[in-house]
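Below is the file input.csv, which contains CSV, C-alpha atoms.
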chain,number,residue,atom,x,y,z
A,1,MET,CA,122.3,-81.5,177.9
A,2,ILE,CA,121.6,-84.2,175.3
A,3,LEU,CA,122.8,-87.6,176.1
A,4,THR,CA,122.8,-90.5,173.6
A,5,ASN,CA,124.7,-93.6,172.9
A,6,LEU,CA,124.5,-93.0,169.1
A,7,GLU,CA,127.5,-91.6,167.3
A,8,GLN,CA,125.7,-88.4,166.5
A,9,VAL,CA,122.7,-86.6,167.7
A,10,PRO,CA,119.9,-87.4,165.2
A,11,GLY,CA,118.5,-84.4,163.5
A,12,ARG,CA,121.4,-82.2,164.6
A,13,THR,CA,124.9,-81.5,163.4
A,14,ILE,CA,128.0,-81.7,165.5
A,15,VAL,CA,130.0,-78.5,165.3
A,16,GLU,CA,132.7,-79.1,167.8
A,17,HIS,CA,134.4,-82.0,169.7
A,18,TYR,CA,135.7,-81.7,173.2
A,19,GLY,CA,137.0,-85.2,173.7
A,20,LEU,CA,136.3,-87.9,176.2
A,21,VAL,CA,134.4,-87.1,179.4
A,22,GLN,CA,133.8,-89.6,182.2
A,23,GLY,CA,132.2,-89.9,185.6
A,24,SER,CA,132.6,-92.7,188.0
A,25,THR,CA,131.7,-93.7,191.5
A,26,ILE,CA,132.6,-96.5,193.8
A,27,ARG,CA,129.9,-97.7,196.1
A,28,ALA,CA,129.9,-100.1,199.0
A,29,LYS,CA,126.8,-102.0,200.1
A,30,HIS,CA,125.7,-101.3,203.7
A,31,VAL,CA,125.2,-104.0,206.2
A,32,GLY,CA,121.4,-103.8,206.4
A,33,ARG,CA,121.1,-104.3,202.7
A,34,ASP,CA,123.6,-107.1,202.8
A,35,ILE,CA,121.7,-109.1,205.4
A,36,MET,CA,118.5,-108.7,203.3
A,37,ALA,CA,120.3,-109.8,200.2
A,38,GLY,CA,121.7,-112.8,202.1
A,39,LEU,CA,118.2,-113.9,202.9
A,40,LYS,CA,117.0,-113.3,199.4
A,41,ASN,CA,120.0,-115.3,198.1
A,42,ILE,CA,118.2,-118.4,199.5
A,43,VAL,CA,114.9,-117.9,197.6
A,44,GLY,CA,116.4,-116.3,194.5
A,45,GLY,CA,115.0,-113.5,192.5
A,46,GLU,CA,115.6,-109.8,192.3
A,47,LEU,CA,117.7,-108.1,194.9
A,48,LYS,CA,115.9,-104.8,195.1
A,49,GLY,CA,118.3,-103.2,197.5
A,50,TYR,CA,121.2,-103.8,195.2
A,51,THR,CA,119.3,-102.7,192.1
A,52,GLU,CA,118.4,-99.5,193.8
A,53,LEU,CA,122.0,-99.0,195.0
A,54,LEU,CA,123.5,-99.5,191.6
A,55,SER,CA,121.0,-97.4,189.7
A,56,GLU,CA,121.6,-94.6,192.2
A,57,SER,CA,125.3,-94.9,191.6
A,58,ARG,CA,124.8,-95.0,187.8
A,59,ASP,CA,122.8,-91.7,188.0
A,60,GLU,CA,125.6,-90.2,190.1
A,61,ALA,CA,128.2,-91.3,187.5
A,62,ILE,CA,126.1,-89.8,184.7
A,63,ARG,CA,125.8,-86.6,186.7
A,64,ARG,CA,129.6,-86.4,187.1
A,65,MET,CA,130.1,-87.0,183.4
A,66,VAL,CA,127.6,-84.3,182.5
A,67,GLU,CA,129.3,-81.9,184.9
A,68,GLN,CA,132.6,-82.5,183.1
A,69,ALA,CA,131.0,-81.9,179.8
A,70,THR,CA,129.4,-78.7,180.9
A,71,ALA,CA,132.7,-77.5,182.2
A,72,ALA,CA,134.2,-78.1,178.8
A,73,GLY,CA,131.5,-76.0,177.2
A,74,ALA,CA,129.6,-78.9,175.5
A,75,ASN,CA,125.9,-79.2,175.1
A,76,ALA,CA,125.7,-82.9,174.3
A,77,VAL,CA,127.5,-86.2,175.1
A,78,VAL,CA,127.4,-88.8,172.4
A,79,ASN,CA,128.5,-92.4,172.3
A,80,VAL,CA,127.9,-92.9,176.0
A,81,ARG,CA,129.0,-96.3,177.4
A,82,PHE,CA,128.5,-97.8,180.9
A,83,SER,CA,130.6,-100.3,182.7
A,84,THR,CA,130.5,-102.0,186.1
A,85,ALA,CA,133.4,-103.6,187.8
A,86,SER,CA,133.4,-105.2,191.2
A,87,ILE,CA,136.7,-104.3,192.6
A,88,THR,CA,136.7,-105.9,196.0
A,89,GLN,CA,134.1,-107.9,197.8
A,90,GLY,CA,131.1,-105.7,198.6
A,91,ALA,CA,132.1,-102.7,196.5
A,92,ALA,CA,131.5,-101.9,192.8
A,93,GLU,CA,132.7,-99.2,190.5
A,94,ILE,CA,130.3,-97.7,188.1
A,95,LEU,CA,131.7,-95.8,185.1
A,96,ALA,CA,130.0,-93.8,182.5
A,97,TYR,CA,132.0,-92.2,179.6
A,98,GLY,CA,131.3,-90.6,176.3
A,99,THR,CA,132.4,-87.9,173.9
A,100,ALA,CA,131.5,-84.3,174.7
A,101,VAL,CA,130.4,-82.3,171.6
A,102,LYS,CA,128.6,-79.2,170.7
A,103,VAL,CA,125.6,-79.5,168.5
A,104,GLN,CA,123.6,-76.9,166.7
B,1,MET,CA,121.3,-131.3,212.5
B,2,GLU,CA,123.2,-129.1,210.1
B,3,LEU,CA,122.5,-131.4,207.3
B,4,LEU,CA,118.8,-131.2,208.1
B,5,VAL,CA,118.9,-127.4,208.0
B,6,ALA,CA,120.6,-127.5,204.6
B,7,PHE,CA,118.1,-130.0,203.3
B,8,GLY,CA,115.3,-127.9,204.6
B,9,LEU,CA,116.7,-124.8,202.8
B,10,ILE,CA,117.0,-126.7,199.6
B,11,VAL,CA,113.4,-127.8,199.7
B,12,LEU,CA,112.2,-124.3,200.7
B,13,ALA,CA,114.3,-122.8,197.9
B,14,PHE,CA,113.0,-125.2,195.4
B,15,PHE,CA,109.4,-124.2,195.9
B,16,THR,CA,109.8,-120.5,196.5
B,17,GLY,CA,112.3,-120.2,193.7
B,18,ARG,CA,109.9,-122.0,191.3
B,19,PHE,CA,107.0,-119.9,192.4
B,20,ALA,CA,108.9,-116.6,192.1
B,21,GLU,CA,110.1,-117.6,188.6
B,22,ASN,CA,106.7,-118.4,187.3
B,23,SER,CA,105.1,-115.3,188.6
B,24,HIS,CA,107.9,-113.1,187.3
B,25,TYR,CA,107.6,-114.7,183.8
B,26,LYS,CA,103.9,-114.0,183.8
B,27,ARG,CA,104.5,-110.3,184.6
B,28,ILE,CA,107.3,-110.1,182.0
B,29,ARG,CA,105.0,-111.5,179.3
B,30,ALA,CA,102.2,-109.1,180.1
B,31,ARG,CA,104.5,-106.1,180.0
B,32,GLU,CA,106.2,-107.3,176.8
B,33,LYS,CA,102.8,-107.5,175.1
B,34,LYS,CA,102.2,-103.8,176.0
B,35,TRP,CA,105.5,-102.8,174.4
B,36,HIS,CA,105.0,-105.0,171.4
B,37,ASN,CA,104.8,-102.1,168.9
B,38,VAL,CA,107.9,-100.2,170.2
B,39,PRO,CA,110.9,-102.1,169.0
B,40,ALA,CA,114.3,-102.0,170.6
B,41,VAL,CA,117.0,-102.6,168.0
B,42,SER,CA,120.7,-103.0,168.5
B,43,ALA,CA,121.7,-101.3,165.2
B,44,SER,CA,122.8,-97.7,165.4
B,45,SER,CA,121.1,-96.7,162.1
B,46,PHE,CA,117.3,-96.8,162.0
B,47,PRO,CA,114.6,-96.2,159.5
B,48,LEU,CA,113.9,-92.5,159.5
B,49,GLU,CA,110.1,-92.5,159.4
B,50,ALA,CA,109.9,-88.8,160.3
B,51,PRO,CA,112.3,-86.1,161.4
B,52,VAL,CA,113.6,-86.7,164.9
B,53,GLU,CA,112.4,-84.4,167.6
B,54,LYS,CA,114.2,-85.8,170.6
B,55,ALA,CA,116.9,-88.4,171.4
B,56,GLU,CA,117.6,-89.3,174.9
B,57,LEU,CA,119.7,-91.9,176.8
B,58,VAL,CA,117.7,-94.4,178.7
B,59,HIS,CA,118.8,-97.3,180.9
B,60,GLY,CA,117.4,-100.0,183.1
B,61,SER,CA,119.1,-102.4,185.4
B,62,VAL,CA,118.3,-105.3,187.6
B,63,VAL,CA,120.3,-107.4,190.1
B,64,VAL,CA,119.2,-111.0,190.3
B,65,SER,CA,120.3,-113.9,192.3
B,66,VAL,CA,119.8,-117.6,191.9
B,67,ASP,CA,118.0,-119.6,194.6
B,68,TYR,CA,119.7,-122.1,196.9
B,69,PHE,CA,118.4,-125.2,195.2
B,70,LYS,CA,119.8,-124.2,191.8
B,71,ARG,CA,123.1,-123.3,193.5
B,72,VAL,CA,123.3,-126.8,194.8
B,73,LEU,CA,122.6,-128.1,191.3
B,74,MET,CA,125.4,-125.9,190.1
B,75,ALA,CA,127.8,-127.4,192.6
B,76,PHE,CA,127.1,-130.8,191.2
B,77,ARG,CA,127.4,-129.6,187.7
B,78,GLN,CA,130.8,-128.3,188.4
B,79,ILE,CA,132.0,-131.8,189.1
B,80,PHE,CA,131.0,-133.2,185.7
B,81,GLY,CA,131.0,-130.0,183.6
B,82,GLY,CA,128.6,-129.1,180.9
B,83,GLU,CA,125.9,-126.7,180.4
B,84,ILE,CA,124.3,-125.3,183.5
B,85,LYS,CA,120.6,-125.2,182.4
B,86,SER,CA,119.3,-124.1,185.7
B,87,TYR,CA,121.0,-120.7,185.4
B,88,ALA,CA,119.6,-119.9,182.0
B,89,PRO,CA,116.2,-118.7,183.1
B,90,LEU,CA,117.8,-116.5,185.7
B,91,LEU,CA,119.8,-114.5,183.1
B,92,ASP,CA,116.9,-114.6,180.6
B,93,ARG,CA,114.6,-113.1,183.2
B,94,GLY,CA,117.1,-110.5,184.2
B,95,ARG,CA,117.7,-109.4,180.6
B,96,ARG,CA,114.1,-109.1,179.7
B,97,GLU,CA,113.4,-107.2,182.9
B,98,ALA,CA,116.2,-104.8,182.3
B,99,LEU,CA,115.0,-104.2,178.7
B,100,LEU,CA,111.5,-103.5,179.9
B,101,ARG,CA,112.7,-101.1,182.6
B,102,MET,CA,114.8,-99.3,179.9
B,103,LYS,CA,111.6,-98.9,177.8
B,104,GLU,CA,109.6,-97.8,180.7
B,105,GLU,CA,111.9,-94.8,181.2
B,106,ALA,CA,110.6,-93.3,177.9
B,107,PRO,CA,107.0,-94.3,177.7
B,108,ASN,CA,106.3,-92.2,174.6
B,109,ALA,CA,109.3,-93.1,172.5
B,110,ASP,CA,108.8,-94.4,169.0
B,111,ILE,CA,111.9,-96.6,168.7
B,112,PHE,CA,114.9,-97.6,170.9
B,113,VAL,CA,118.1,-97.7,168.9
B,114,ASN,CA,121.7,-98.8,169.7
B,115,CYS,CA,120.5,-101.0,172.6
B,116,ARG,CA,123.3,-102.7,174.5
B,117,LEU,CA,123.1,-105.3,177.2
B,118,GLU,CA,125.8,-105.8,179.7
B,119,THR,CA,126.2,-108.4,182.5
B,120,SER,CA,128.5,-108.2,185.4
B,121,ALA,CA,129.0,-110.5,188.3
B,122,ILE,CA,128.8,-108.8,191.7
B,123,ALA,CA,130.8,-110.4,194.4
B,124,SER,CA,128.7,-111.1,197.5
B,125,SER,CA,130.7,-110.3,200.7
B,126,ASN,CA,132.3,-113.2,202.7
B,127,ARG,CA,131.0,-115.9,200.4
B,128,GLN,CA,133.4,-118.0,198.6
B,129,ASN,CA,131.1,-119.9,196.3
B,130,SER,CA,131.0,-118.9,192.6
B,131,LEU,CA,128.4,-116.7,191.1
B,132,SER,CA,126.0,-115.3,193.7
B,133,CYS,CA,124.4,-112.4,192.0
B,134,VAL,CA,124.6,-110.7,188.6
B,135,GLU,CA,123.7,-107.2,187.5
B,136,ILE,CA,122.2,-106.8,184.1
B,137,ILE,CA,122.0,-103.4,182.5
B,138,ALA,CA,120.3,-102.4,179.3
B,139,TYR,CA,120.8,-99.1,177.7
B,140,GLY,CA,120.0,-97.4,174.5
B,141,THR,CA,118.7,-94.2,172.9
B,142,ALA,CA,115.0,-93.5,172.8
B,143,ILE,CA,114.0,-91.7,169.6
B,144,HIS,CA,110.9,-89.5,169.5
B,145,TYR,CA,109.7,-88.6,166.0
B,146,LYS,CA,108.2,-85.3,165.2
B,147,LYS,CA,104.4,-85.9,165.1
Could the structure of this file be written out as structure tokens, please?
Amino acid sequence: MILTNLEQVPGRTIVEHYGLVQGSTIRAKHVGRDIMAGLKNIVGGELKGYTELLSESRDEAIRRMVEQATAAGANAVVNVRFSTASITQGAAEILAYGTAVKVQ
Amino acid sequence: MELLVAFGLIVLAFFTGRFAENSHYKRIRAREKKWHNVPAVSASSFPLEAPVEKAELVHGSVVVSVDYFKRVLMAFRQIFGGEIKSYAPLLDRGRREALLRMKEEAPNADIFVNCRLETSAIASSNRQNSLSCVEIIAYGTAIHYKK
């Protein structure tokens, strides 16, 4: 599976379009991480626990998107976009979407 | 007593925050030097120096928070309005760090095209005050030329 955020796959030609595919996940932070983050909030800097959590969820969202594309019979996803929205306090939705295509 | 604790936290945050910021900038500069020859561009078209062998999606993200001292400054700033200078280094650091992490995902790439940066505020639980931490994500396509 080729993933790219360009409009086409460089060096290949697109032979078929399968439309939009997407994957999303909503994650809540757990208490342990929240307490650590609370302490870190005083001194500032990177919150490693949250970074890890969000990148794990992003990988999960990508995996779900790829799954959908595979089910449609595609072998590449182009024009991939990410978005993050915090829906309630302590939870975030991570969304990945793109266009499933078949390339030669 | 409570006032004393708050004051103590501010002083602590001032020193630790400053120390963390300086050492982080030092690390960022060293890593940016290493990546000097591999540009990350935001355009989707790029100079085709050779046939493309592989294109892959890469991304890097970071969650950063501002220290307590700067948050107090921010609270004062909100009374008078104007630019919040103390928050600029935070976002600058986050963005550069995210870009570097993105690049580090494809160590052998020749160019990174169509790079996008996105910032989103993440609400910290049971805390009312404004911006507590932000997530910055950088993503793009790593291009490997045929050698």
Problem set entry | Nearest to Ala106 (chain B), chosen from B:Ala55, B:Val5, B:Ala50, B:Ala43, with all atoms listed in the file counted in the distances | B:Ala55
Exercise. Can you tell me, as a list in words, what residues are no more than 9 Å from Tyr18 (chain A) when counting all atoms listed in the file, ignoring any on the same chain fewer than 6 positions away?
Worked result: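 Counting only the stated atoms, we get Ala69, Ala72, Gly73, Ala74, Thr99, Ala100, Val101 and Lys102 of chain A.
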Restrict the calculation to all atoms listed in the file, then for each residue of chain B with any atom at most 7 Å from an atom of chain A give the closest atom pair and their distance in Å to one decimal, rows by chain and rising residue number, as CSV.
residue,atom,partner,partner_atom,distance
B:Ala13,CA,A:Val43,CA,4.9
B:Thr16,CA,A:Val43,CA,5.8
B:Gly17,CA,A:Val43,CA,5.2
B:Ala20,CA,A:Gly45,CA,6.9
B:Ser44,CA,A:Leu6,CA,6.2
B:Pro51,CA,A:Gly11,CA,6.8
B:Val52,CA,A:Gly11,CA,5.6
B:Ala55,CA,A:Thr4,CA,6.6
B:Glu56,CA,A:Thr4,CA,5.5
B:Leu57,CA,A:Thr4,CA,4.7
B:Ser61,CA,A:Thr51,CA,6.7
B:Val62,CA,A:Thr51,CA,5.3
B:Val63,CA,A:Thr51,CA,5.2
B:Val64,CA,A:Glu46,CA,4.3
B:Ser65,CA,A:Gly44,CA,5.1
B:Val66,CA,A:Gly44,CA,4.5
B:Asp67,CA,A:Gly44,CA,3.7
B:Tyr68,CA,A:Ile42,CA,4.8
B:Asn114,CA,A:Leu6,CA,6.5
B:Ser120,CA,A:Thr84,CA,6.6
B:Ile122,CA,A:Ser86,CA,5.9
B:Ala123,CA,A:Gln89,CA,5.4
B:Ser124,CA,A:Gly90,CA,6.0
B:Ser125,CA,A:Gln89,CA,5.1
B:Gly140,CA,A:Asn5,CA,6.3
B:Thr141,CA,A:Thr4,CA,5.6
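Ranking B:Phe69, B:Arg101, B:Gly94, B:Lys147 by their shortest atom-to-atom distance to Phe15 (chain B), with only C-alpha atoms included, puts B:Phe69 first.
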For this session: Work out how far apart CA of Lys85 (chain B) and CA of His24 (chain B) are and give it in Å to one decimal.
Result: 18.2 Å
For this session: Find the residues around Ile111 (chain B) up to 7 Å (all atoms listed in the file counted), leave out those fewer than 2 positions away in its own chain, and share them as JSON, numbers by chain.
Result: {"B": [38, 39, 40, 109, 113, 142, 143]}
For this session: Using CA of Phe19 (chain B) and CA of Ile137 (chain B) as the two end points, give the distance in Å to one decimal.
Result: 24.4 Å
Problem set entry | Polymer residues at most 7 Å from (135.2, -95.9, 181.9) by all atoms listed in the file, as a ChimeraX atom specification | /A:22,83,95-97
Seminar exercise, completed: Using only C-alpha atoms, the residue out of B:Ala30, B:Leu90, B:Val41, B:Leu117 with shortest distance to Val134 (chain B) is B:Leu90
Problem set entry | For Leu12 (chain B), the nearest of the candidates B:Lys70, B:Ala75, B:Tyr25, B:Ser45, counting all atoms listed in the file |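 Using all atoms listed in the file, the shortest distance to Leu12 (chain B) belongs to B:Lys70.
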For this session: Could you please determine the separation between CA of Thr25 (chain A) and CA of Met65 (chain A) in Å, to one decimal place?
Result: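 Computing the Euclidean distance for CA of Thr25 (chain A) and CA of Met65 (chain A) yields 10.6 Å.
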Only N, CA and C atoms, as an mmCIF file, in the first residue's frame: that is what I want for region 48-92 of chain B.
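out-v7.cif written:
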data_model
loop_
_atom_site.group_PDB
_atom_site.id
_atom_site.type_symbol
_atom_site.label_atom_id
_atom_site.label_comp_id
_atom_site.auth_asym_id
_atom_site.auth_seq_id
_atom_site.Cartn_x
_atom_site.Cartn_y
_atom_site.Cartn_z
ATOM 1 N N LEU B 48 12.238 17.460 -10.558
ATOM 2 C CA LEU B 48 12.462 16.037 -10.768
ATOM 3 C C LEU B 48 13.920 15.826 -11.189
ATOM 4 N N GLU B 49 14.758 15.558 -10.224
ATOM 5 C CA GLU B 49 16.187 15.422 -10.523
ATOM 6 C C GLU B 49 16.515 14.045 -11.076
ATOM 7 N N ALA B 50 15.680 13.101 -10.773
ATOM 8 C CA ALA B 50 15.881 11.725 -11.233
ATOM 9 C C ALA B 50 14.528 11.044 -11.151
ATOM 10 N N PRO B 51 14.367 9.916 -11.832
ATOM 11 C CA PRO B 51 13.101 9.207 -11.685
ATOM 12 C C PRO B 51 12.853 8.823 -10.226
ATOM 13 N N VAL B 52 11.594 8.895 -9.839
ATOM 14 C CA VAL B 52 11.268 8.607 -8.443
ATOM 15 C C VAL B 52 11.186 7.098 -8.210
ATOM 16 N N GLU B 53 11.845 6.649 -7.179
ATOM 17 C CA GLU B 53 11.783 5.232 -6.874
ATOM 18 C C GLU B 53 10.666 4.926 -5.878
ATOM 19 N N LYS B 54 10.559 5.784 -4.884
ATOM 20 C CA LYS B 54 9.597 5.485 -3.822
ATOM 21 C C LYS B 54 9.058 6.795 -3.246
ATOM 22 N N ALA B 55 7.766 6.796 -2.946
ATOM 23 C CA ALA B 55 7.164 7.937 -2.261
ATOM 24 C C ALA B 55 6.409 7.391 -1.072
ATOM 25 N N GLU B 56 6.636 7.959 0.095
ATOM 26 C CA GLU B 56 5.921 7.455 1.269
ATOM 27 C C GLU B 56 5.483 8.601 2.168
ATOM 28 N N LEU B 57 4.393 8.347 2.851
ATOM 29 C CA LEU B 57 3.861 9.340 3.780
ATOM 30 C C LEU B 57 4.649 9.287 5.086
ATOM 31 N N VAL B 58 5.107 10.443 5.553
ATOM 32 C CA VAL B 58 5.796 10.486 6.843
ATOM 33 C C VAL B 58 5.140 11.541 7.719
ATOM 34 N N HIS B 59 5.161 11.295 9.016
ATOM 35 C CA HIS B 59 4.621 12.321 9.905
ATOM 36 C C HIS B 59 5.347 12.338 11.233
ATOM 37 N N GLY B 60 5.334 13.481 11.864
ATOM 38 C CA GLY B 60 5.954 13.613 13.179
ATOM 39 C C GLY B 60 5.083 14.516 14.004
ATOM 40 N N SER B 61 4.964 14.204 15.282
ATOM 41 C CA SER B 61 4.117 15.068 16.098
ATOM 42 C C SER B 61 4.724 15.280 17.464
ATOM 43 N N VAL B 62 4.282 16.318 18.113
ATOM 44 C CA VAL B 62 4.774 16.625 19.447
ATOM 45 C C VAL B 62 3.682 17.362 20.225
ATOM 46 N N VAL B 63 3.577 17.067 21.502
ATOM 47 C CA VAL B 63 2.659 17.803 22.362
ATOM 48 C C VAL B 63 3.503 18.628 23.316
ATOM 49 N N VAL B 64 3.336 19.924 23.289
ATOM 50 C CA VAL B 64 4.129 20.775 24.179
ATOM 51 C C VAL B 64 3.211 21.593 25.081
ATOM 52 N N SER B 65 3.735 21.918 26.233
ATOM 53 C CA SER B 65 2.960 22.773 27.127
ATOM 54 C C SER B 65 3.856 23.910 27.605
ATOM 55 N N VAL B 66 3.224 24.960 28.011
ATOM 56 C CA VAL B 66 3.951 26.149 28.422
ATOM 57 C C VAL B 66 4.139 26.076 29.939
ATOM 58 N N ASP B 67 5.222 26.687 30.451
ATOM 59 C CA ASP B 67 5.437 26.577 31.895
ATOM 60 C C ASP B 67 4.573 27.565 32.686
ATOM 61 N N TYR B 68 4.548 27.336 33.981
ATOM 62 C CA TYR B 68 3.635 28.071 34.857
ATOM 63 C C TYR B 68 3.922 29.567 34.853
ATOM 64 N N PHE B 69 5.194 29.908 34.789
ATOM 65 C CA PHE B 69 5.593 31.318 34.797
ATOM 66 C C PHE B 69 5.001 32.045 33.591
ATOM 67 N N LYS B 70 5.125 31.410 32.440
ATOM 68 C CA LYS B 70 4.612 32.039 31.228
ATOM 69 C C LYS B 70 3.092 32.094 31.214
ATOM 70 N N ARG B 71 2.501 31.130 31.911
ATOM 71 C CA ARG B 71 1.039 31.147 31.964
ATOM 72 C C ARG B 71 0.541 32.313 32.811
ATOM 73 N N VAL B 72 1.335 32.645 33.836
ATOM 74 C CA VAL B 72 0.981 33.801 34.658
ATOM 75 C C VAL B 72 1.123 35.086 33.837
ATOM 76 N N LEU B 73 2.206 35.142 33.059
ATOM 77 C CA LEU B 73 2.408 36.297 32.168
ATOM 78 C C LEU B 73 1.221 36.462 31.230
ATOM 79 N N MET B 74 0.783 35.319 30.718
ATOM 80 C CA MET B 74 -0.354 35.284 29.796
ATOM 81 C C MET B 74 -1.612 35.840 30.455
ATOM 82 N N ALA B 75 -1.801 35.461 31.725
ATOM 83 C CA ALA B 75 -2.982 35.929 32.449
ATOM 84 C C ALA B 75 -2.973 37.450 32.554
ATOM 85 N N PHE B 76 -1.785 38.026 32.771
ATOM 86 C CA PHE B 76 -1.682 39.485 32.819
ATOM 87 C C PHE B 76 -1.938 40.079 31.452
ATOM 88 N N ARG B 77 -1.382 39.409 30.429
ATOM 89 C CA ARG B 77 -1.518 39.890 29.078
ATOM 90 C C ARG B 77 -2.984 39.963 28.654
ATOM 91 N N GLN B 78 -3.755 39.039 29.200
ATOM 92 C CA GLN B 78 -5.155 39.003 28.804
ATOM 93 C C GLN B 78 -5.948 40.188 29.339
ATOM 94 N N ILE B 79 -5.355 40.873 30.296
ATOM 95 C CA ILE B 79 -6.029 42.076 30.794
ATOM 96 C C ILE B 79 -5.873 43.212 29.790
ATOM 97 N N PHE B 80 -4.643 43.366 29.281
ATOM 98 C CA PHE B 80 -4.363 44.503 28.414
ATOM 99 C C PHE B 80 -4.455 44.185 26.922
ATOM 100 N N GLY B 81 -4.372 42.895 26.606
ATOM 101 C CA GLY B 81 -4.392 42.524 25.195
ATOM 102 C C GLY B 81 -3.039 42.719 24.555
ATOM 103 N N GLY B 82 -2.925 42.337 23.317
ATOM 104 C CA GLY B 82 -1.671 42.499 22.602
ATOM 105 C C GLY B 82 -0.997 41.169 22.345
ATOM 106 N N GLU B 83 0.186 41.263 21.777
ATOM 107 C CA GLU B 83 0.892 40.043 21.408
ATOM 108 C C GLU B 83 1.422 39.317 22.642
ATOM 109 N N ILE B 84 1.265 38.009 22.635
ATOM 110 C CA ILE B 84 1.786 37.217 23.738
ATOM 111 C C ILE B 84 3.131 36.659 23.325
ATOM 112 N N LYS B 85 4.189 37.416 23.624
ATOM 113 C CA LYS B 85 5.521 37.038 23.146
ATOM 114 C C LYS B 85 6.028 35.774 23.807
ATOM 115 N N SER B 86 5.611 35.539 25.034
ATOM 116 C CA SER B 86 6.165 34.399 25.766
ATOM 117 C C SER B 86 5.708 33.059 25.193
ATOM 118 N N TYR B 87 4.636 33.079 24.410
ATOM 119 C CA TYR B 87 4.152 31.817 23.851
ATOM 120 C C TYR B 87 4.807 31.468 22.517
ATOM 121 N N ALA B 88 5.426 32.470 21.883
ATOM 122 C CA ALA B 88 6.001 32.233 20.558
ATOM 123 C C ALA B 88 7.084 31.145 20.541
ATOM 124 N N PRO B 89 8.051 31.192 21.488
ATOM 125 C CA PRO B 89 9.090 30.154 21.460
ATOM 126 C C PRO B 89 8.522 28.758 21.628
ATOM 127 N N LEU B 90 7.469 28.637 22.384
ATOM 128 C CA LEU B 90 6.857 27.330 22.617
ATOM 129 C C LEU B 90 6.384 26.716 21.295
ATOM 130 N N LEU B 91 5.648 27.519 20.538
ATOM 131 C CA LEU B 91 5.103 27.007 19.280
ATOM 132 C C LEU B 91 6.199 26.818 18.238
ATOM 133 N N ASP B 92 7.192 27.709 18.285
ATOM 134 C CA ASP B 92 8.325 27.603 17.375
ATOM 135 C C ASP B 92 9.084 26.308 17.636
#
